[in-house]
Amino acid sequence: MISNQILQNTIDGLKNITRIDMCIADTEGKTLATTFDRIEADEHSVMAFVSSPADSQEIQEYQFFKVYDDDGQLEYILIARGGSDDAYMVGKIAAFQLSNLLVAYKERFDKDNFIKNLLLDNLLLVDIFNRAKKLHIETDVKRVVLIAETNSESNTTTLEKIRNIFAARTADFVTAVDEKNVIIVKELTEGNELNEINLAAAEILEAFSNNSTISVRVAYGTIVDEIKDVSRSYKEATMALDVGKIFFGERSVIAYSQLGIGRLIYQLPIPLCKMFIKEIFGGKSPDQFDEETLATIDKFFENSLNVSETSRQLFIHRNTLVYRLDKLQKLTGLDLRVFEDAITFKIALMVARYMKYMENYDF
């Protein structure tokens, strides 16, 4: 449960203070961490001590101690060198410290496991409240789920980096349920919810800002009032992440509540999308429009179908823009200067972009 590196760091620190060598073995006698150059107490001695009813024992000038978790389960054997009272006292202190570490890490593991199952909807309603109570997790406070996605190859590094951001906030949970994303279940203060969400997202982006090779995108769901609804916020954040990549590629932070029509398009079945695209564009694909035409369309929509402002921003004559719009009308049968046609064309472009993202379309 506790990594060997943490065990090693613990006894190294204790040795630096006390000058007493120590060793930690598992219940099968295998050494997990040690400060000894050589130890005469062999595996058989450890196994014999494990089988004995004693919690501590002196064997061949070594002090042996049993280390239990909070449920009374034997986890480790601690060995301190020396037959003196000092060695015994230091060993007792070290065993106590390891027991506390076991409790802390077990609680962290249990909470992480609970949050993962909560996010994935793997718990019955009664289990959610019972386990939350046992783990001392509030059930009726406001929370939101944020998902951070990076292009880093090491999700473990990303996870630890984000955990460091929220380390001091014991009511927040940082975990991962796959190899791509890091999930933050954040507790919010009544009346200050949006500020806290924006601050959390900004801190995540800032943590990776010094690395030009890593890009970060943060998405979050809606705020929920009870712990049982956390999975809903997670699903919404997942959708926001995908929809944001399709329709809002320029944004680093995207909220589920800001997806607009993109949320509806994302939930359309692909066969229906194909029918719609075929109806609007015939046998053509929006990808077949040249860059000039696509740039004109985007700028025209950006300026709310204003011909004069669009031509000014494109540095072209008004008549040139009109010519391009007429050409597009001949190709598609849609006049972008007419509001209804413009809406149809805009939705068709979004549907085509969605289909391309799903990599499962055929015009």
# chains A, B, ... in the order shown; residues from 1 in each chain; ligands from 1

call {"tool": "residues_around", "arguments": {"residues": "A:Ser233", "least_positions_apart": "5", "cutoff": "8 Å", "atoms": "only C-alpha atoms", "output": "PyMOL selection string"}}
result
chain A and resi 144-145+220-224

call {"tool": "select_by_dssp", "arguments": {"residues": "stretch 67-192 of chain A", "states": "strand (DSSP E)", "output": "JSON, numbers by chain"}}
result
{"A": [67, 68, 74, 75, 76, 77, 78, 79, 80, 81, 143, 144, 145, 146, 147, 148, 149, 150, 173, 174, 175, 181, 182, 183, 184, 185, 186, 187]}

call {"tool": "atom_distance", "arguments": {"atom1": "atom CA of A:Leu14", "atom2": "atom CA of A:Val90"}}
result
8.4 Å

call {"tool": "residues_around", "arguments": {"residues": "stretch 47-58 of chain A", "least_positions_apart": "2", "cutoff": "8 Å", "atoms": "only C-alpha atoms", "output": "ChimeraX atom specification"}}
result
/A:27-29,43-45,60-66,77,83

call {"tool": "write_last_selection", "arguments": {"atoms": "all heavy atoms", "output": "CSV table (one decimal), in the first residue's frame"}}
result
chain,number,residue,atom,x,y,z
A,27,THR,N,5.4,-9.5,5.6
A,27,THR,CA,5.0,-10.7,6.4
A,27,THR,C,5.6,-12.0,5.9
A,27,THR,O,5.4,-13.0,6.5
A,27,THR,CB,3.5,-10.8,6.6
A,27,THR,OG1,2.9,-10.8,5.3
A,27,THR,CG2,3.0,-9.6,7.4
A,28,GLU,N,6.2,-12.0,4.7
A,28,GLU,CA,6.8,-13.2,4.2
A,28,GLU,C,8.3,-13.1,4.3
A,28,GLU,O,9.1,-14.0,3.8
A,28,GLU,CB,6.4,-13.4,2.7
A,28,GLU,CG,4.9,-13.6,2.6
A,28,GLU,CD,4.5,-13.8,1.1
A,28,GLU,OE1,5.4,-13.6,0.2
A,28,GLU,OE2,3.4,-14.1,0.9
A,29,GLY,N,8.8,-12.1,5.0
A,29,GLY,CA,10.3,-12.0,5.2
A,29,GLY,C,11.0,-11.2,4.2
A,29,GLY,O,12.3,-11.1,4.3
A,43,GLU,N,15.5,-14.4,6.9
A,43,GLU,CA,14.1,-14.6,6.6
A,43,GLU,C,13.4,-15.5,7.6
A,43,GLU,O,12.2,-15.3,8.0
A,43,GLU,CB,13.9,-15.1,5.2
A,43,GLU,CG,12.5,-15.2,4.7
A,43,GLU,CD,12.5,-15.6,3.3
A,43,GLU,OE1,13.2,-15.1,2.4
A,43,GLU,OE2,11.6,-16.5,3.0
A,44,HIS,N,14.1,-16.5,8.0
A,44,HIS,CA,13.5,-17.5,8.9
A,44,HIS,C,13.2,-16.9,10.3
A,44,HIS,O,12.1,-17.2,10.9
A,44,HIS,CB,14.4,-18.7,9.1
A,44,HIS,CG,14.7,-19.5,7.9
A,44,HIS,ND1,13.7,-20.2,7.3
A,44,HIS,CD2,15.8,-19.6,7.1
A,44,HIS,CE1,14.2,-20.8,6.2
A,44,HIS,NE2,15.5,-20.4,6.1
A,45,SER,N,14.1,-15.9,10.7
A,45,SER,CA,13.8,-15.2,12.0
A,45,SER,C,12.6,-14.4,11.9
A,45,SER,O,11.8,-14.3,12.8
A,45,SER,CB,15.0,-14.4,12.4
A,45,SER,OG,16.2,-15.2,12.6
A,60,GLN,N,18.8,-12.0,18.6
A,60,GLN,CA,20.2,-11.9,18.1
A,60,GLN,C,20.6,-10.4,18.0
A,60,GLN,O,21.1,-9.9,17.0
A,60,GLN,CB,20.3,-12.5,16.7
A,60,GLN,CG,20.0,-14.0,16.7
A,60,GLN,CD,20.1,-14.5,15.2
A,60,GLN,OE1,20.3,-13.8,14.3
A,60,GLN,NE2,19.8,-15.8,15.1
A,61,GLU,N,20.4,-9.7,19.1
A,61,GLU,CA,20.7,-8.3,19.2
A,61,GLU,C,20.0,-7.4,18.2
A,61,GLU,O,20.4,-6.3,17.9
A,61,GLU,CB,22.3,-8.1,18.9
A,61,GLU,CG,23.1,-8.8,20.0
A,61,GLU,CD,22.9,-8.2,21.4
A,61,GLU,OE1,22.9,-6.9,21.5
A,61,GLU,OE2,22.8,-9.0,22.3
A,62,TYR,N,18.8,-7.8,17.8
A,62,TYR,CA,17.9,-7.0,17.0
A,62,TYR,C,16.6,-6.9,17.6
A,62,TYR,O,16.1,-7.9,18.2
A,62,TYR,CB,17.8,-7.6,15.6
A,62,TYR,CG,19.0,-7.6,14.7
A,62,TYR,CD1,19.9,-8.6,14.7
A,62,TYR,CD2,19.3,-6.4,13.9
A,62,TYR,CE1,21.1,-8.6,13.9
A,62,TYR,CE2,20.4,-6.4,13.2
A,62,TYR,CZ,21.3,-7.4,13.2
A,62,TYR,OH,22.5,-7.4,12.4
A,63,GLN,N,16.0,-5.8,17.6
A,63,GLN,CA,14.6,-5.6,18.1
A,63,GLN,C,13.6,-5.7,17.0
A,63,GLN,O,13.7,-5.0,16.0
A,63,GLN,CB,14.5,-4.2,18.7
A,63,GLN,CG,15.5,-3.8,19.8
A,63,GLN,CD,15.3,-4.6,21.1
A,63,GLN,OE1,14.2,-5.1,21.3
A,63,GLN,NE2,16.3,-4.6,21.9
A,64,PHE,N,12.7,-6.7,17.1
A,64,PHE,CA,11.6,-6.9,16.1
A,64,PHE,C,10.3,-6.3,16.6
A,64,PHE,O,9.9,-6.5,17.8
A,64,PHE,CB,11.4,-8.4,15.9
A,64,PHE,CG,12.5,-9.1,15.1
A,64,PHE,CD1,13.8,-9.1,15.5
A,64,PHE,CD2,12.2,-9.6,13.8
A,64,PHE,CE1,14.8,-9.7,14.7
A,64,PHE,CE2,13.2,-10.2,13.1
A,64,PHE,CZ,14.5,-10.2,13.5
A,65,PHE,N,9.6,-5.7,15.7
A,65,PHE,CA,8.3,-5.1,16.0
A,65,PHE,C,7.3,-5.4,14.9
A,65,PHE,O,7.6,-5.4,13.7
A,65,PHE,CB,8.4,-3.6,16.2
A,65,PHE,CG,9.4,-3.1,17.2
A,65,PHE,CD1,10.7,-2.9,16.9
A,65,PHE,CD2,8.9,-2.9,18.5
A,65,PHE,CE1,11.6,-2.5,17.8
A,65,PHE,CE2,9.9,-2.5,19.5
A,65,PHE,CZ,11.2,-2.3,19.2
A,66,LYS,N,6.1,-5.6,15.3
A,66,LYS,CA,5.0,-5.8,14.4
A,66,LYS,C,4.3,-4.5,14.1
A,66,LYS,O,4.0,-3.8,15.1
A,66,LYS,CB,4.0,-6.9,14.9
A,66,LYS,CG,4.6,-8.3,14.9
A,66,LYS,CD,3.6,-9.3,15.4
A,66,LYS,CE,4.2,-10.7,15.4
A,66,LYS,NZ,3.3,-11.7,16.0
A,77,ILE,N,7.0,-5.9,9.3
A,77,ILE,CA,7.9,-6.2,10.4
A,77,ILE,C,9.0,-5.2,10.4
A,77,ILE,O,9.7,-5.0,9.4
A,77,ILE,CB,8.5,-7.6,10.4
A,77,ILE,CG1,7.4,-8.7,10.3
A,77,ILE,CG2,9.4,-7.9,11.5
A,77,ILE,CD1,6.4,-8.7,11.5
A,83,GLY,N,20.6,-4.1,21.2
A,83,GLY,CA,19.9,-4.7,22.3
A,83,GLY,C,19.6,-3.7,23.4
A,83,GLY,O,19.1,-4.1,24.4

call {"tool": "residues_around", "arguments": {"residues": "A:Thr158", "least_positions_apart": "2", "cutoff": "10 Å", "atoms": "only C-alpha atoms", "output": "MDAnalysis selection string"}}
result
chainID A and resid 148:156 160:164 180:182 207:208

call {"tool": "residues_around", "arguments": {"residues": "A:Asn319", "least_positions_apart": "5", "cutoff": "12 Å", "atoms": "only C-alpha atoms", "output": "list in words"}}
result
Val307, Ser308, Thr310, Ser311, Arg312, Arg324, Leu325 and Asp326 of chain A

call {"tool": "atom_distance", "arguments": {"atom1": "atom CA of A:Tyr234", "atom2": "atom CA of A:Leu119"}}
result
6.4 Å

call {"tool": "select_by_dssp", "arguments": {"residues": "stretch 236-359 of chain A", "states": "helix (DSSP H, G or I)", "output": "number ranges by chain"}}
result
A: 236-247, 256-258, 261-266, 270-281, 286-288, 291-302, 307-313, 318-332, 339-358

call {"tool": "atom_distance", "arguments": {"atom1": "atom CA of A:Asn4", "atom2": "atom CA of A:Asp26"}}
result
10.8 Å

call {"tool": "closest_residue", "arguments": {"among": "A:Gln8, A:Leu349, A:Ser215, A:Ala255", "to": "A:Phe289", "atoms": "only C-alpha atoms"}}
result
A:Leu349

call {"tool": "closest_residue", "arguments": {"among": "A:Glu226, A:Asn306, A:Asp127, A:Asp69", "to": "A:Leu102", "atoms": "only C-alpha atoms"}}
result
A:Asp69

call {"tool": "closest_residue", "arguments": {"among": "A:Arg263, A:Lys235, A:His317, A:Lys278", "to": "A:Leu120", "atoms": "only C-alpha atoms"}}
result
A:Lys235

call {"tool": "decode", "arguments": {"residues": "stretch 151-175 of chain A", "atoms": "N, CA, C and O atoms", "output": "compact mmCIF listing (two decimals), in the first residue's frame"}}
result
# COMPACT_ATOMS: atom_id res chain seq x y z
N ASN A 151 -1.57 16.71 -23.61
CA ASN A 151 -0.98 15.85 -24.64
C ASN A 151 0.27 15.16 -24.13
O ASN A 151 1.05 14.62 -24.91
N SER A 152 0.46 15.18 -22.82
CA SER A 152 1.62 14.53 -22.22
C SER A 152 1.48 13.01 -22.33
O SER A 152 0.39 12.46 -22.20
N GLU A 153 2.61 12.34 -22.56
CA GLU A 153 2.59 10.89 -22.67
C GLU A 153 2.48 10.22 -21.30
O GLU A 153 2.07 9.08 -21.20
N SER A 154 2.84 10.94 -20.24
CA SER A 154 2.81 10.38 -18.90
C SER A 154 1.65 10.97 -18.11
O SER A 154 1.73 12.09 -17.61
N ASN A 155 0.57 10.21 -18.01
CA ASN A 155 -0.56 10.68 -17.23
C ASN A 155 -0.24 10.67 -15.74
O ASN A 155 -0.81 11.44 -14.96
N THR A 156 0.70 9.81 -15.33
CA THR A 156 1.10 9.76 -13.92
C THR A 156 1.73 11.07 -13.49
O THR A 156 1.42 11.60 -12.41
N THR A 157 2.58 11.63 -14.34
CA THR A 157 3.21 12.91 -14.04
C THR A 157 2.18 14.01 -13.96
O THR A 157 2.20 14.86 -13.06
N THR A 158 1.24 14.00 -14.90
CA THR A 158 0.17 15.01 -14.91
C THR A 158 -0.67 14.90 -13.65
O THR A 158 -1.02 15.90 -13.02
N LEU A 159 -1.00 13.67 -13.27
CA LEU A 159 -1.81 13.43 -12.08
C LEU A 159 -1.14 13.99 -10.83
O LEU A 159 -1.77 14.69 -10.02
N GLU A 160 0.15 13.70 -10.66
CA GLU A 160 0.87 14.17 -9.48
C GLU A 160 1.00 15.69 -9.47
O GLU A 160 0.91 16.32 -8.42
N LYS A 161 1.18 16.26 -10.65
CA LYS A 161 1.32 17.72 -10.74
C LYS A 161 0.03 18.41 -10.31
O LYS A 161 0.05 19.40 -9.57
N ILE A 162 -1.08 17.88 -10.77
CA ILE A 162 -2.38 18.48 -10.42
C ILE A 162 -2.72 18.18 -8.97
O ILE A 162 -3.31 19.01 -8.27
N ARG A 163 -2.34 17.00 -8.47
CA ARG A 163 -2.56 16.70 -7.06
C ARG A 163 -1.82 17.69 -6.16
O ARG A 163 -2.32 18.08 -5.10
N ASN A 164 -0.65 18.11 -6.59
CA ASN A 164 0.10 19.08 -5.81
C ASN A 164 -0.63 20.42 -5.70
O ASN A 164 -0.53 21.11 -4.69
N ILE A 165 -1.36 20.78 -6.76
CA ILE A 165 -2.11 22.03 -6.75
C ILE A 165 -3.18 22.02 -5.67
O ILE A 165 -3.40 23.00 -4.96
N PHE A 166 -3.85 20.86 -5.54
CA PHE A 166 -4.99 20.76 -4.62
C PHE A 166 -4.62 20.06 -3.31
O PHE A 166 -5.51 19.71 -2.53
N ALA A 167 -3.32 19.86 -3.06
CA ALA A 167 -2.89 19.09 -1.89
C ALA A 167 -3.39 19.68 -0.58
O ALA A 167 -3.75 18.95 0.34
N ALA A 168 -3.43 20.99 -0.49
CA ALA A 168 -3.82 21.64 0.77
C ALA A 168 -5.33 21.68 0.95
O ALA A 168 -5.82 22.00 2.03
N ARG A 169 -6.08 21.34 -0.10
CA ARG A 169 -7.54 21.42 -0.03
C ARG A 169 -8.08 20.00 0.16
O ARG A 169 -8.35 19.28 -0.79
N THR A 170 -8.19 19.62 1.41
CA THR A 170 -8.52 18.23 1.73
C THR A 170 -9.92 17.82 1.32
O THR A 170 -10.23 16.63 1.25
N ALA A 171 -10.79 18.79 1.04
CA ALA A 171 -12.15 18.46 0.61
C ALA A 171 -12.25 18.20 -0.89
O ALA A 171 -13.28 17.74 -1.37
N ASP A 172 -11.16 18.49 -1.63
CA ASP A 172 -11.13 18.24 -3.07
C ASP A 172 -10.44 16.90 -3.34
O ASP A 172 -9.54 16.50 -2.60
N PHE A 173 -10.86 16.24 -4.41
CA PHE A 173 -10.30 14.94 -4.75
C PHE A 173 -9.77 14.98 -6.18
O PHE A 173 -10.44 15.47 -7.09
N VAL A 174 -8.56 14.45 -6.36
CA VAL A 174 -7.94 14.38 -7.68
C VAL A 174 -7.65 12.92 -7.98
O VAL A 174 -7.00 12.22 -7.20
N THR A 175 -8.14 12.45 -9.11
CA THR A 175 -7.97 11.04 -9.46
C THR A 175 -7.95 10.88 -10.98
O THR A 175 -8.01 11.87 -11.72
